[in-house]
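Source file: entry22.cif. Holds: mmCIF, C-alpha atoms.
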data_upload
#
loop_
_atom_site.label_atom_id
_atom_site.label_comp_id
_atom_site.auth_asym_id
_atom_site.auth_seq_id
_atom_site.Cartn_x
_atom_site.Cartn_y
_atom_site.Cartn_z
CA MET R 11 0.00 0.00 0.00
CA ASP R 12 1.35 3.41 -0.98
CA GLU R 13 1.62 5.88 1.90
CA TYR R 14 1.78 9.67 1.63
CA LYS R 15 2.65 12.28 4.25
CA ILE R 16 0.69 15.51 3.95
CA ALA R 17 1.47 18.73 5.80
CA VAL R 18 -1.85 20.45 6.51
CA ILE R 19 -2.11 24.21 6.97
CA LYS R 20 -5.68 25.21 7.69
CA GLY R 21 -4.93 28.90 8.04
CA ASP R 22 -7.42 31.66 8.77
CA GLY R 23 -11.07 32.55 8.16
CA ILE R 24 -12.87 29.74 6.34
CA GLY R 25 -9.59 27.86 5.94
CA PRO R 26 -10.24 25.31 8.73
CA GLU R 27 -13.75 24.55 7.42
CA ILE R 28 -12.81 23.94 3.81
CA VAL R 29 -9.68 21.96 4.69
CA ASP R 30 -11.70 19.73 7.03
CA SER R 31 -14.11 19.10 4.15
CA ALA R 32 -11.28 18.26 1.77
CA LEU R 33 -9.72 15.87 4.28
CA GLN R 34 -13.04 14.04 4.66
CA VAL R 35 -13.11 13.55 0.89
CA LEU R 36 -9.47 12.47 0.87
CA ASN R 37 -10.21 9.90 3.58
CA ALA R 38 -13.09 8.52 1.51
CA ALA R 39 -10.80 8.25 -1.52
CA GLN R 40 -8.04 6.45 0.38
CA ASP R 41 -10.54 3.92 1.75
CA LYS R 42 -11.84 3.16 -1.73
CA PHE R 43 -8.62 3.16 -3.74
CA GLY R 44 -6.24 1.51 -1.32
CA PHE R 45 -3.61 4.10 -0.45
CA LYS R 46 -2.89 5.70 2.91
CA VAL R 47 -2.39 9.32 3.92
CA THR R 48 -0.89 10.58 7.15
CA CYS R 49 -1.60 14.22 7.95
CA LYS R 50 0.18 16.55 10.35
CA GLU R 51 -1.12 20.06 11.00
CA TYR R 52 1.02 23.21 11.07
CA LEU R 53 0.37 26.92 11.58
CA ALA R 54 0.85 29.65 8.99
CA GLY R 55 -0.72 33.02 8.32
CA GLY R 56 -2.60 35.10 10.87
CA CYS R 57 -3.07 32.26 13.33
CA ALA R 58 0.69 31.71 13.35
CA ILE R 59 1.28 35.42 13.99
CA ASP R 60 -1.04 35.24 17.00
CA VAL R 61 0.93 32.33 18.43
CA SER R 62 4.53 33.03 17.42
CA GLY R 63 4.63 36.56 16.02
CA ARG R 64 5.66 35.20 12.60
CA PRO R 65 3.47 34.31 9.60
CA LEU R 66 5.62 31.29 8.74
CA PRO R 67 7.29 29.64 11.73
CA GLU R 68 10.43 27.64 10.97
CA GLU R 69 8.71 24.52 12.29
CA THR R 70 6.04 24.89 9.62
CA LEU R 71 8.48 25.31 6.77
CA GLU R 72 10.57 22.35 7.91
CA GLY R 73 7.45 20.21 8.31
CA CYS R 74 6.37 21.07 4.78
CA LYS R 75 9.81 20.25 3.39
CA ASN R 76 9.68 16.83 5.02
CA ALA R 77 6.19 16.03 3.73
CA ASP R 78 5.20 14.55 0.38
CA ALA R 79 2.71 17.37 -0.27
CA VAL R 80 1.17 20.39 1.43
CA LEU R 81 -2.55 21.16 1.66
CA LEU R 82 -3.35 24.80 2.45
CA GLY R 83 -6.67 26.48 3.22
CA ALA R 84 -6.37 30.28 3.15
CA VAL R 85 -4.52 32.96 5.11
CA GLY R 86 -5.08 36.56 6.08
CA GLY R 87 -7.88 38.84 7.17
CA PRO R 88 -8.57 42.35 8.48
CA ALA R 89 -7.45 41.38 11.97
CA TRP R 90 -3.84 41.57 10.76
CA ASP R 91 -4.09 44.52 8.36
CA HIS R 92 -2.28 46.82 10.79
CA ILE R 93 0.85 44.66 10.91
CA GLU R 94 4.08 45.67 9.20
CA PRO R 95 3.96 44.45 5.56
CA SER R 96 6.94 42.11 5.97
CA LEU R 97 5.12 40.29 8.77
CA ARG R 98 1.59 40.11 7.35
CA PRO R 99 -0.11 36.71 6.89
CA GLU R 100 0.34 36.73 3.12
CA ARG R 101 4.09 36.63 3.57
CA ALA R 102 3.62 33.01 4.60
CA LEU R 103 2.63 32.19 1.02
CA LEU R 104 5.73 33.81 -0.43
CA GLY R 105 7.86 32.06 2.18
CA LEU R 106 6.38 28.67 1.38
CA ARG R 107 6.83 29.15 -2.36
CA SER R 108 10.40 30.27 -1.97
CA GLY R 109 11.32 27.78 0.75
CA LEU R 110 9.88 24.80 -1.14
CA GLY R 111 11.19 25.95 -4.53
CA LEU R 112 7.70 26.13 -5.99
CA TYR R 113 8.19 27.91 -9.30
CA ALA R 114 5.07 26.83 -11.22
CA ASN R 115 1.46 27.56 -10.28
CA LEU R 116 -1.18 25.56 -12.16
CA ARG R 117 -4.69 26.99 -12.09
CA PRO R 118 -7.34 25.18 -14.13
CA ALA R 119 -10.37 27.33 -15.01
CA ILE R 120 -13.14 25.00 -16.09
CA MET R 121 -16.73 25.90 -16.85
CA PHE R 122 -19.00 23.23 -15.41
CA GLU R 123 -22.04 22.72 -17.61
CA GLU R 124 -24.35 23.01 -14.61
CA LEU R 125 -22.94 26.44 -13.66
CA LYS R 126 -23.15 28.23 -17.00
CA ASP R 127 -25.89 30.51 -15.72
CA ALA R 128 -23.61 31.56 -12.84
CA SER R 129 -21.05 33.02 -15.23
CA PRO R 130 -21.10 36.80 -15.78
CA VAL R 131 -20.28 36.05 -19.43
CA LYS R 132 -23.70 35.01 -20.67
CA SER R 133 -22.56 34.02 -24.16
CA ILE R 134 -20.10 31.43 -22.86
CA ASP R 135 -20.46 27.92 -24.26
CA HIS R 136 -17.26 26.18 -23.24
CA MET R 137 -14.18 26.95 -21.18
CA ASP R 138 -11.29 24.70 -20.11
CA ILE R 139 -8.09 26.65 -19.53
CA MET R 140 -4.92 25.67 -17.71
CA MET R 141 -3.11 28.75 -16.43
CA VAL R 142 0.61 28.16 -15.90
CA ARG R 143 1.98 31.01 -13.79
CA GLU R 144 5.63 31.56 -12.94
CA LEU R 145 5.69 31.79 -9.17
CA THR R 146 9.05 32.74 -7.70
CA GLY R 147 10.37 35.49 -9.97
CA GLY R 148 9.24 38.80 -11.37
CA ILE R 149 8.05 41.90 -9.61
CA TYR R 150 6.84 40.14 -6.45
CA PHE R 151 10.39 38.99 -5.69
CA GLY R 152 12.39 41.83 -7.26
CA ASP R 153 14.16 44.68 -5.55
CA SER R 154 11.82 47.20 -3.96
CA ASP R 155 12.18 50.29 -1.82
CA GLN R 156 10.97 53.85 -1.31
CA TYR R 157 12.80 57.07 -0.65
CA SER R 158 12.26 60.81 -0.28
CA CYS R 159 12.72 63.04 -3.28
CA LYS R 160 12.92 66.82 -3.62
CA ASP R 161 12.22 66.87 -7.38
CA ILE R 162 9.02 68.20 -8.88
CA LEU R 163 6.81 67.02 -11.73
CA SER R 164 6.38 68.99 -14.97
CA ASP R 165 3.34 70.82 -13.58
CA GLY R 166 5.15 71.80 -10.39
CA THR R 167 3.72 69.10 -8.12
CA PRO R 168 6.35 67.88 -5.61
CA LYS R 169 7.30 64.21 -5.96
CA VAL R 170 7.86 63.96 -2.14
CA ARG R 171 8.42 60.16 -2.11
CA ILE R 172 9.29 57.57 -4.75
CA ALA R 173 8.58 53.85 -4.42
CA TYR R 174 9.71 51.17 -6.85
CA ASP R 175 9.33 47.43 -7.47
CA THR R 176 11.58 45.72 -10.01
CA GLU R 177 10.48 43.17 -12.63
CA SER R 178 13.40 40.82 -13.25
CA TYR R 179 13.59 37.39 -14.91
CA SER R 180 16.51 35.12 -15.73
CA GLU R 181 16.70 32.86 -18.74
CA GLY R 182 16.69 29.84 -16.44
CA GLU R 183 13.46 30.90 -14.72
CA ILE R 184 11.74 31.45 -18.06
CA ARG R 185 13.04 28.26 -19.65
CA ARG R 186 11.87 25.92 -16.89
CA ILE R 187 8.35 27.37 -16.71
CA THR R 188 7.87 27.46 -20.48
CA ASP R 189 9.15 23.90 -20.79
CA LEU R 190 6.59 22.77 -18.23
CA ALA R 191 3.85 24.72 -20.02
CA PHE R 192 4.69 23.06 -23.33
CA ARG R 193 4.54 19.62 -21.69
CA ILE R 194 1.17 20.41 -20.17
CA ALA R 195 -0.16 21.77 -23.47
CA ARG R 196 1.07 18.64 -25.25
CA GLY R 197 -1.15 16.58 -22.92
CA ARG R 198 -4.15 18.79 -23.60
CA SER R 199 -5.13 20.37 -26.93
CA LYS R 200 -1.58 21.22 -28.03
CA HIS R 201 -2.09 24.99 -28.00
CA LEU R 202 0.05 27.28 -25.82
CA THR R 203 -0.41 31.04 -25.47
CA LEU R 204 2.34 33.18 -23.96
CA VAL R 205 0.94 36.32 -22.34
CA ASP R 206 3.31 39.24 -21.87
CA LYS R 207 3.84 42.95 -22.51
CA ALA R 208 6.68 42.66 -25.01
CA ASN R 209 5.81 45.96 -26.68
CA VAL R 210 6.91 47.74 -23.49
CA LEU R 211 8.89 45.44 -21.17
CA THR R 212 12.41 44.16 -21.81
CA SER R 213 11.73 41.18 -19.54
CA SER R 214 8.77 40.20 -21.71
CA ARG R 215 10.93 40.27 -24.83
CA LEU R 216 13.24 37.79 -23.15
CA TRP R 217 10.20 35.60 -22.41
CA ARG R 218 9.40 35.52 -26.14
CA GLU R 219 12.96 34.74 -27.13
CA ILE R 220 13.23 31.81 -24.73
CA ALA R 221 9.75 30.51 -25.58
CA GLU R 222 10.68 30.39 -29.27
CA ASP R 223 13.81 28.43 -28.37
CA VAL R 224 11.95 25.93 -26.17
CA HIS R 225 9.30 25.57 -28.88
CA ASP R 226 11.88 23.76 -31.03
CA ASP R 227 11.44 20.74 -28.74
CA TYR R 228 7.64 20.85 -28.97
CA ARG R 229 6.82 21.41 -32.64
CA ASP R 230 3.59 19.43 -32.26
CA VAL R 231 2.32 22.23 -29.97
CA SER R 232 1.20 25.53 -31.52
CA LEU R 233 2.54 28.69 -29.87
CA ASP R 234 1.04 32.16 -30.07
CA TYR R 235 1.36 35.41 -28.14
CA LEU R 236 -0.97 37.98 -26.60
CA TYR R 237 -0.25 41.21 -24.78
CA VAL R 238 -1.70 41.04 -21.29
CA ASP R 239 -4.20 43.86 -21.84
CA ASN R 240 -5.49 42.19 -25.01
CA CYS R 241 -5.63 38.82 -23.28
CA SER R 242 -7.79 40.26 -20.49
CA MET R 243 -10.32 41.30 -23.15
CA GLN R 244 -10.08 38.08 -25.18
CA LEU R 245 -10.76 35.98 -22.09
CA ILE R 246 -14.14 37.70 -21.89
CA SER R 247 -15.00 37.64 -25.59
CA ARG R 248 -13.76 34.15 -26.50
CA PRO R 249 -12.82 32.12 -23.40
CA GLY R 250 -13.45 28.83 -25.17
CA ASP R 251 -10.61 29.44 -27.63
CA PHE R 252 -7.86 29.18 -25.03
CA ASP R 253 -6.19 25.96 -23.95
CA THR R 254 -2.95 26.50 -21.99
CA ILE R 255 -1.66 29.94 -20.99
CA VAL R 256 1.83 30.60 -19.62
CA THR R 257 2.79 33.94 -18.15
CA SER R 258 4.75 35.81 -15.50
CA ASN R 259 4.05 36.00 -11.80
CA MET R 260 2.01 39.22 -11.66
CA PHE R 261 0.18 38.74 -14.97
CA GLY R 262 -0.72 35.18 -13.96
CA ASP R 263 -2.00 36.36 -10.60
CA ILE R 264 -4.42 38.77 -12.27
CA LEU R 265 -5.50 36.71 -15.30
CA SER R 266 -6.14 33.52 -13.35
CA ASP R 267 -8.52 35.40 -11.06
CA GLU R 268 -10.29 36.84 -14.09
CA ALA R 269 -10.61 33.40 -15.65
CA GLY R 270 -11.89 32.08 -12.35
CA GLN R 271 -14.61 34.68 -12.16
CA ILE R 272 -15.74 33.81 -15.69
CA THR R 273 -16.48 30.27 -14.49
CA GLY R 274 -19.04 31.68 -12.05
CA SER R 275 -17.29 31.49 -8.70
CA VAL R 276 -13.73 31.47 -7.40
CA GLY R 277 -15.11 29.01 -4.86
CA MET R 278 -14.82 26.37 -7.59
CA LEU R 279 -11.18 26.80 -8.54
CA PRO R 280 -8.25 24.72 -7.23
CA SER R 281 -4.54 25.23 -7.77
CA ALA R 282 -1.24 23.39 -7.55
CA SER R 283 2.17 24.95 -6.99
CA LEU R 284 4.99 22.70 -8.14
CA GLY R 285 8.78 22.68 -8.01
CA LYS R 286 11.44 20.14 -8.88
CA PRO R 287 10.02 16.63 -9.46
CA GLY R 288 10.12 14.60 -6.27
CA THR R 289 9.74 17.61 -3.98
CA PRO R 290 6.49 18.49 -2.15
CA GLY R 291 3.96 20.59 -4.03
CA LEU R 292 1.48 23.00 -2.45
CA TYR R 293 -2.23 22.55 -3.15
CA GLU R 294 -4.79 25.22 -2.29
CA PRO R 295 -7.98 26.93 -3.48
CA ILE R 296 -7.39 30.23 -5.26
CA HIS R 297 -9.87 32.17 -3.13
CA GLY R 298 -9.15 34.05 0.07
CA SER R 299 -9.97 33.47 3.71
CA ALA R 300 -13.41 35.18 3.58
CA PRO R 301 -13.49 35.95 7.33
CA ASP R 302 -16.94 37.52 6.97
CA ILE R 303 -18.51 34.09 6.41
CA ALA R 304 -16.23 32.02 8.65
CA GLY R 305 -18.25 29.75 10.90
CA THR R 306 -21.54 30.36 9.08
CA GLY R 307 -21.50 27.22 6.92
CA LYS R 308 -21.59 29.30 3.73
CA ALA R 309 -18.10 28.44 2.53
CA ASN R 310 -17.91 26.49 -0.73
CA PRO R 311 -15.49 23.57 -0.15
CA LEU R 312 -15.29 22.47 -3.79
CA ALA R 313 -12.15 24.40 -4.71
CA THR R 314 -10.26 22.78 -1.84
CA ILE R 315 -11.73 19.37 -2.63
CA LEU R 316 -10.63 19.75 -6.24
CA SER R 317 -7.19 20.81 -4.98
CA VAL R 318 -6.98 17.42 -3.26
CA ALA R 319 -7.81 15.82 -6.62
CA MET R 320 -4.94 17.79 -8.17
CA MET R 321 -2.66 16.57 -5.39
CA LEU R 322 -3.58 12.97 -6.06
CA ARG R 323 -3.04 13.40 -9.80
CA TRP R 324 0.05 15.60 -10.00
CA GLN R 325 1.92 14.60 -6.83
CA PHE R 326 1.08 10.96 -6.25
CA GLY R 327 -0.05 9.61 -9.63
CA GLU R 328 -3.32 8.37 -8.08
CA THR R 329 -5.21 9.10 -11.30
CA GLU R 330 -8.18 6.86 -10.59
CA ALA R 331 -8.81 8.49 -7.21
CA ALA R 332 -8.42 11.97 -8.71
CA ASP R 333 -10.89 11.13 -11.47
CA SER R 334 -13.34 9.81 -8.89
CA ILE R 335 -13.26 13.02 -6.84
CA GLU R 336 -13.65 15.24 -9.91
CA ASN R 337 -16.54 13.11 -11.18
CA ALA R 338 -18.15 13.22 -7.74
CA VAL R 339 -18.03 17.02 -7.82
CA LYS R 340 -19.66 17.04 -11.26
CA GLN R 341 -22.30 14.58 -10.02
CA ALA R 342 -23.08 16.75 -6.99
CA LEU R 343 -23.55 19.77 -9.23
CA ALA R 344 -25.63 17.78 -11.72
CA SER R 345 -27.84 16.68 -8.84
CA GLY R 346 -28.55 20.33 -8.04
CA TYR R 347 -26.49 20.80 -4.88
CA ARG R 348 -25.47 24.44 -4.46
CA THR R 349 -23.68 26.47 -1.83
CA SER R 350 -24.80 30.09 -1.69
CA ASP R 351 -22.03 31.43 -3.94
CA ILE R 352 -23.12 29.30 -6.90
CA ALA R 353 -26.87 29.24 -6.22
CA ARG R 354 -29.14 31.16 -8.59
CA GLY R 355 -32.53 30.37 -7.06
CA ASN R 356 -33.58 27.91 -9.73
CA ALA R 357 -36.37 25.51 -8.85
CA ASP R 358 -34.22 22.40 -9.31
CA GLU R 359 -31.45 23.57 -6.98
CA LYS R 360 -30.78 22.01 -3.59
CA PRO R 361 -29.27 24.65 -1.28
CA VAL R 362 -26.67 23.17 1.08
CA ASP R 363 -24.08 24.41 3.53
CA THR R 364 -20.41 23.44 3.62
CA GLU R 365 -21.09 20.11 5.31
CA GLY R 366 -23.95 19.32 2.95
CA MET R 367 -21.83 19.85 -0.16
CA THR R 368 -19.04 17.75 1.34
CA ALA R 369 -21.46 14.92 2.04
CA ALA R 370 -22.81 15.11 -1.52
CA VAL R 371 -19.30 14.72 -2.94
CA ILE R 372 -18.41 11.84 -0.64
CA ALA R 373 -21.60 10.05 -1.67
CA GLY R 374 -20.40 10.16 -5.27
CA ILE R 375 -16.99 8.61 -4.66
#
Write-out of the structure in structure tokens:
Amino acid sequence: MDEYKIAVIKGDGIGPEIVDSALQVLNAAQDKFGFKVTCKEYLAGGCAIDVSGRPLPEETLEGCKNADAVLLGAVGGPAWDHIEPSLRPERALLGLRSGLGLYANLRPAIMFEELKDASPVKSIDHMDIMMVRELTGGIYFGDSDQYSCKDILSDGTPKVRIAYDTESYSEGEIRRITDLAFRIARGRSKHLTLVDKANVLTSSRLWREIAEDVHDDYRDVSLDYLYVDNCSMQLISRPGDFDTIVTSNMFGDILSDEAGQITGSVGMLPSASLGKPGTPGLYEPIHGSAPDIAGTGKANPLATILSVAMMLRWQFGETEAADSIENAVKQALASGYRTSDIARGNADEKPVDTEGMTAAVIAGI
């Protein structure tokens, strides 16, 4: 029997609720498909700050490094907004990505047939996009600072202070993420779109140069380019035409959220953050901690449940179990089960809370 060690970080807000739901589904899958998971819980985010004064205690990072995979709920909330930026809960995410060497974020944006009427894009017919986002480079990790300045602008307005954040990418960072994106596209519909701002940014022009070079090894995959502003419009007007998108850290952060909203609810979208093969990946929903609904039973657990399916598929190769969970989610939706974020008041809907949706998924496994 295969055994897997999972580091569990429930986090803040609705994090504990949705992670508990996902673990129930994972337990049902292990019972049916004959593998074993051992989970150990660690603190990160706001709850870790309350206990240790740090968003990512060393014990947590070490525990994650020694696990086979990491399951994360969500971190942050207004209770910690007053804290110095370098110590805020969200820094735990950057620390985990950097500490675990997680350079690739995979965010599938899939339109479920049953949720078409929940999409703000009413003309949508089909959507199945894999967003491949570079995760440890770019402007989020570049040099940044602010300083006082006595200069004035052309109209006489004093500059007073200047702040800057630097976008920087190496050839190695670009090559490894584009290579992964080509491999993923090859396993899908063999169409890769690189999103950049090459008409303005030098770093984006390097992305194009390296992508063209890597493309030589994947000539069965078509490669095209879109500027990020154009892509944001095309995702609305023709979402069904995209297959696999690869892009930089900041652009991927923004576009994946847009794609998620097109599907009807970010409460449906999982993600996987991967590094070197054989090292632990991080699996989490793309939504936030939603502290305003914590403890009310309104949280949609499906994104976290689908993140567990991604873990089983990408980390452990448990394809049959992953398929079963994904099919159980589709079955629950087809049967009319709806949490409040995806409910539209239709007569055939069955309103459920977090526990109810979890039970519906488990019943389908």
### Query
Between R:Ala191, R:Leu322, R:Ile59, R:Met278, which has the minimum distance to Arg348 of chain R (counting only C-alpha atoms)?
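Between R:Ala191, R:Leu322, R:Ile59, R:Met278, the residue approaching Arg348 of chain R most closely is R:Met278.
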### Task
Determine the residue set returned by the PyMOL selection byres ((chain R and resi 147) around 12) for the present structure, and present it as an MDAnalysis selection string.
chainID R and resid 104 107:108 111:115 143:146 148:153 176:184 186:187 213 257:262
### Query
Could you work out how far atom CA of Leu316 of chain R lies from atom CA of Met137 of chain R, giving the answer in Å with one decimal?
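Atom CA of Met137 of chain R sits 17.0 Å away from atom CA of Leu316 of chain R.
Of the residues under consideration (R:Glu328, R:Ser317, R:Ala54, R:Glu359), R:Ser317 shows the shortest atom-to-atom contact distance to Ser31 of chain R when counting all atoms listed in the file.
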Would you kindly translate the PyMOL selection byres ((chain R and resi 79) around 7) into the concrete residues it picks from this file, as a PDB file with C-alpha atoms, keeping the file's coordinate frame?
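Wrote expr-v3.pdb, looks like this:
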ATOM      1  CA  LYS R  15       2.650  12.280   4.250  1.00  0.00           C
ATOM      2  CA  ILE R  16       0.690  15.510   3.950  1.00  0.00           C
ATOM      3  CA  ALA R  17       1.470  18.730   5.800  1.00  0.00           C
ATOM      4  CA  ALA R  77       6.190  16.030   3.730  1.00  0.00           C
ATOM      5  CA  ASP R  78       5.200  14.550   0.380  1.00  0.00           C
ATOM      6  CA  VAL R  80       1.170  20.390   1.430  1.00  0.00           C
ATOM      7  CA  LEU R  81      -2.550  21.160   1.660  1.00  0.00           C
ATOM      8  CA  PRO R 290       6.490  18.490  -2.150  1.00  0.00           C
ATOM      9  CA  GLY R 291       3.960  20.590  -4.030  1.00  0.00           C
ATOM     10  CA  LEU R 292       1.480  23.000  -2.450  1.00  0.00           C
TER      11      LEU R 292
END
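Nearest to Ile303 of chain R of all the residues R:Asp175, R:Asn240, R:Thr364, R:Lys169 is R:Thr364, counting only C-alpha atoms.
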I'd like to see the residues matched by the PyMOL selection byres ((chain R and resi 72) around 12) on this file, and ideally I'd get them as a PDB file with C-alpha atoms, keeping the file's coordinate frame.
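Result written to expr.pdb:
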ATOM      1  CA  ALA R  17       1.470  18.730   5.800  1.00  0.00           C
ATOM      2  CA  TYR R  52       1.020  23.210  11.070  1.00  0.00           C
ATOM      3  CA  LEU R  53       0.370  26.920  11.580  1.00  0.00           C
ATOM      4  CA  LEU R  66       5.620  31.290   8.740  1.00  0.00           C
ATOM      5  CA  PRO R  67       7.290  29.640  11.730  1.00  0.00           C
ATOM      6  CA  GLU R  68      10.430  27.640  10.970  1.00  0.00           C
ATOM      7  CA  GLU R  69       8.710  24.520  12.290  1.00  0.00           C
ATOM      8  CA  THR R  70       6.040  24.890   9.620  1.00  0.00           C
ATOM      9  CA  LEU R  71       8.480  25.310   6.770  1.00  0.00           C
ATOM     10  CA  GLY R  73       7.450  20.210   8.310  1.00  0.00           C
ATOM     11  CA  CYS R  74       6.370  21.070   4.780  1.00  0.00           C
ATOM     12  CA  LYS R  75       9.810  20.250   3.390  1.00  0.00           C
ATOM     13  CA  ASN R  76       9.680  16.830   5.020  1.00  0.00           C
ATOM     14  CA  ALA R  77       6.190  16.030   3.730  1.00  0.00           C
ATOM     15  CA  VAL R  80       1.170  20.390   1.430  1.00  0.00           C
ATOM     16  CA  GLY R 105       7.860  32.060   2.180  1.00  0.00           C
ATOM     17  CA  LEU R 106       6.380  28.670   1.380  1.00  0.00           C
ATOM     18  CA  GLY R 109      11.320  27.780   0.750  1.00  0.00           C
ATOM     19  CA  LEU R 110       9.880  24.800  -1.140  1.00  0.00           C
ATOM     20  CA  PRO R 290       6.490  18.490  -2.150  1.00  0.00           C
TER      21      PRO R 290
END
#### Entry: Interatomic distance, atom CA of Asp127 of chain R to atom CA of Pro311 of chain R (Å, one decimal)
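Calculated distance between atom CA of Asp127 of chain R and atom CA of Pro311 of chain R is 20.0 Å.
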#### Entry: Atomic separation - atom CA of Ile120 of chain R relative to atom CA of Lys132 of chain R, Å
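Atom CA of Lys132 of chain R sits 15.3 Å away from atom CA of Ile120 of chain R.
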### Query
Quick one: of R:Thr349, R:Ile93, R:His225, R:Gly288, who's nearest to Gly327 of chain R, counting all atoms listed in the file?
R:Gly288
### Task
Pick out the residues sitting within 10 Å of Thr306 of chain R, and hand them over as a ChimeraX atom specification; count all atoms listed in the file, and ignore anything fewer than 6 positions along from it in its own chain.
/R:24,27,363-364
Listed atoms of segment 223-237 of chain R boxed axis-aligned with 5 Å per side, centre + edges as JSON:
{"center_x": 6.4, "center_y": 30.3, "center_z": -28.7, "size_x": 24.8, "size_y": 31.8, "size_z": 17.9}
### Task
Can you pull out every residue within 12 Å of Pro88 of chain R, counting all atoms listed in the file, but drop anything in the same chain fewer than 4 positions away, and send it as a list in words?
Asp22, Gly23, Gly56, His92, Ile93, Arg98, Pro99, Glu100, Gly298, Ser299, Ala300, Pro301 and Asp302 of chain R
Keeping C-alpha atoms, export the residues of the selection given above as a compact mmCIF listing (two decimals), in the frame of the given file.
# COMPACT_ATOMS: atom_id res chain seq x y z
CA ASP R 22 -7.42 31.66 8.77
CA GLY R 23 -11.07 32.55 8.16
CA GLY R 56 -2.60 35.10 10.87
CA HIS R 92 -2.28 46.82 10.79
CA ILE R 93 0.85 44.66 10.91
CA ARG R 98 1.59 40.11 7.35
CA PRO R 99 -0.11 36.71 6.89
CA GLU R 100 0.34 36.73 3.12
CA GLY R 298 -9.15 34.05 0.07
CA SER R 299 -9.97 33.47 3.71
CA ALA R 300 -13.41 35.18 3.58
CA PRO R 301 -13.49 35.95 7.33
CA ASP R 302 -16.94 37.52 6.97
